[in-house]
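Asker: Take a look at this one; I'll ask things after.
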Amino acid sequence: MATYETEIHTGGGGWQSDAPLSLSIANRDESVPEDGRPSTGTTVTWSGDQGNGSVTFFDEGSRFEGTAQFPGEGPVGYRGRAQD
């Protein structure tokens, strides 16, 4: 599982710390390995009652950039760096 420290960017508020994001995705192959990070260029999109978003990973999975929208809020910029 990969865990990231995250930040959101609101219109005039600049970048602000947000809750960590943890990922582990497997099907026939592991897109986000149980013991690693997603490869560069991997895009993850989610949607549900707790919000939605889409992020793309860079630098061998050490960081991501994208957008997210959480319940009762407008869309925001969303980025993160892997926890070591």
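Residues are named by chain letter and number: chains run A, B, ... in the order of the structure tokens, numbers start at 1 in each chain, and ligands are numbered from 1 in the order shown.
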Quick one: residues within 8 Å of region 41-48 of chain A, only C-alpha atoms counted, chain neighbours fewer than 6 positions away excluded, as a list in words?

Answerer: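 Here the qualifying residues turn out to be Ser31, Ser54, Val55, Thr56, Phe57 and Phe58 of chain A.
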
Asker: Using all heavy atoms, can you export the residues from the last selection as a PDB file, in the first residue's frame?

Answerer:
ATOM      1  N   SER A  31      -1.997  -2.869  -9.712  1.00  0.00           N
ATOM      2  CA  SER A  31      -1.790  -1.521 -10.242  1.00  0.00           C
ATOM      3  C   SER A  31      -1.057  -0.667  -9.231  1.00  0.00           C
ATOM      4  O   SER A  31      -0.213   0.145  -9.560  1.00  0.00           O
ATOM      5  CB  SER A  31      -3.129  -0.861 -10.569  1.00  0.00           C
ATOM      6  OG  SER A  31      -3.791  -1.599 -11.559  1.00  0.00           O
ATOM      7  N   SER A  54      -9.452  12.366  -9.398  1.00  0.00           N
ATOM      8  CA  SER A  54      -8.613  11.719 -10.395  1.00  0.00           C
ATOM      9  C   SER A  54      -7.194  12.250 -10.216  1.00  0.00           C
ATOM     10  O   SER A  54      -6.990  13.469 -10.185  1.00  0.00           O
ATOM     11  CB  SER A  54      -9.122  12.025 -11.800  1.00  0.00           C
ATOM     12  OG  SER A  54      -8.303  11.397 -12.772  1.00  0.00           O
ATOM     13  N   VAL A  55      -6.239  11.345 -10.061  1.00  0.00           N
ATOM     14  CA  VAL A  55      -4.844  11.748  -9.875  1.00  0.00           C
ATOM     15  C   VAL A  55      -3.939  10.924 -10.782  1.00  0.00           C
ATOM     16  O   VAL A  55      -4.249   9.781 -11.121  1.00  0.00           O
ATOM     17  CB  VAL A  55      -4.381  11.600  -8.405  1.00  0.00           C
ATOM     18  CG1 VAL A  55      -5.188  12.504  -7.493  1.00  0.00           C
ATOM     19  CG2 VAL A  55      -4.472  10.160  -7.932  1.00  0.00           C
ATOM     20  N   THR A  56      -2.830  11.512 -11.185  1.00  0.00           N
ATOM     21  CA  THR A  56      -1.809  10.841 -11.981  1.00  0.00           C
ATOM     22  C   THR A  56      -0.504  10.875 -11.198  1.00  0.00           C
ATOM     23  O   THR A  56      -0.165  11.893 -10.579  1.00  0.00           O
ATOM     24  CB  THR A  56      -1.622  11.535 -13.342  1.00  0.00           C
ATOM     25  OG1 THR A  56      -2.887  11.500 -14.034  1.00  0.00           O
ATOM     26  CG2 THR A  56      -0.572  10.837 -14.190  1.00  0.00           C
ATOM     27  N   PHE A  57       0.220   9.758 -11.224  1.00  0.00           N
ATOM     28  CA  PHE A  57       1.455   9.608 -10.449  1.00  0.00           C
ATOM     29  C   PHE A  57       2.686   9.893 -11.298  1.00  0.00           C
ATOM     30  O   PHE A  57       2.723   9.577 -12.483  1.00  0.00           O
ATOM     31  CB  PHE A  57       1.521   8.202  -9.856  1.00  0.00           C
ATOM     32  CG  PHE A  57       0.458   7.995  -8.819  1.00  0.00           C
ATOM     33  CD1 PHE A  57      -0.815   7.594  -9.181  1.00  0.00           C
ATOM     34  CD2 PHE A  57       0.712   8.255  -7.491  1.00  0.00           C
ATOM     35  CE1 PHE A  57      -1.811   7.448  -8.233  1.00  0.00           C
ATOM     36  CE2 PHE A  57      -0.278   8.114  -6.530  1.00  0.00           C
ATOM     37  CZ  PHE A  57      -1.538   7.703  -6.903  1.00  0.00           C
ATOM     38  N   PHE A  58       3.702  10.468 -10.658  1.00  0.00           N
ATOM     39  CA  PHE A  58       4.945  10.868 -11.307  1.00  0.00           C
ATOM     40  C   PHE A  58       6.137  10.400 -10.477  1.00  0.00           C
ATOM     41  O   PHE A  58       5.976  10.018  -9.316  1.00  0.00           O
ATOM     42  CB  PHE A  58       5.003  12.394 -11.448  1.00  0.00           C
ATOM     43  CG  PHE A  58       3.846  12.968 -12.220  1.00  0.00           C
ATOM     44  CD1 PHE A  58       2.712  13.435 -11.568  1.00  0.00           C
ATOM     45  CD2 PHE A  58       3.882  13.032 -13.603  1.00  0.00           C
ATOM     46  CE1 PHE A  58       1.640  13.955 -12.274  1.00  0.00           C
ATOM     47  CE2 PHE A  58       2.820  13.549 -14.327  1.00  0.00           C
ATOM     48  CZ  PHE A  58       1.699  14.011 -13.651  1.00  0.00           C
TER      49      PHE A  58
END

Asker: Got a sec: who's within 12 Å of region 2-7 of chain A, counting only C-alpha atoms, leaving out chain neighbours fewer than 6 positions off, as number ranges by chain?

Answerer: A: 13-25, 31-39, 55, 57, 60-68, 76-84

Asker: What does the structure give for the distance between CA of Pro75 (chain A) and CA of Gln50 (chain A), in Å to one decimal?

Answerer: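 Rounded to one decimal, the two atoms are 13.2 Å apart.
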
Asker: Taking the DSSP secondary structure from the backbone, can you list the residues of chain A that are strand (DSSP E), as a PyMOL selection string?

Answerer: chain A and resi 2-10+14-23+25-26+30-32+43-48+51-58+63-69+76-82
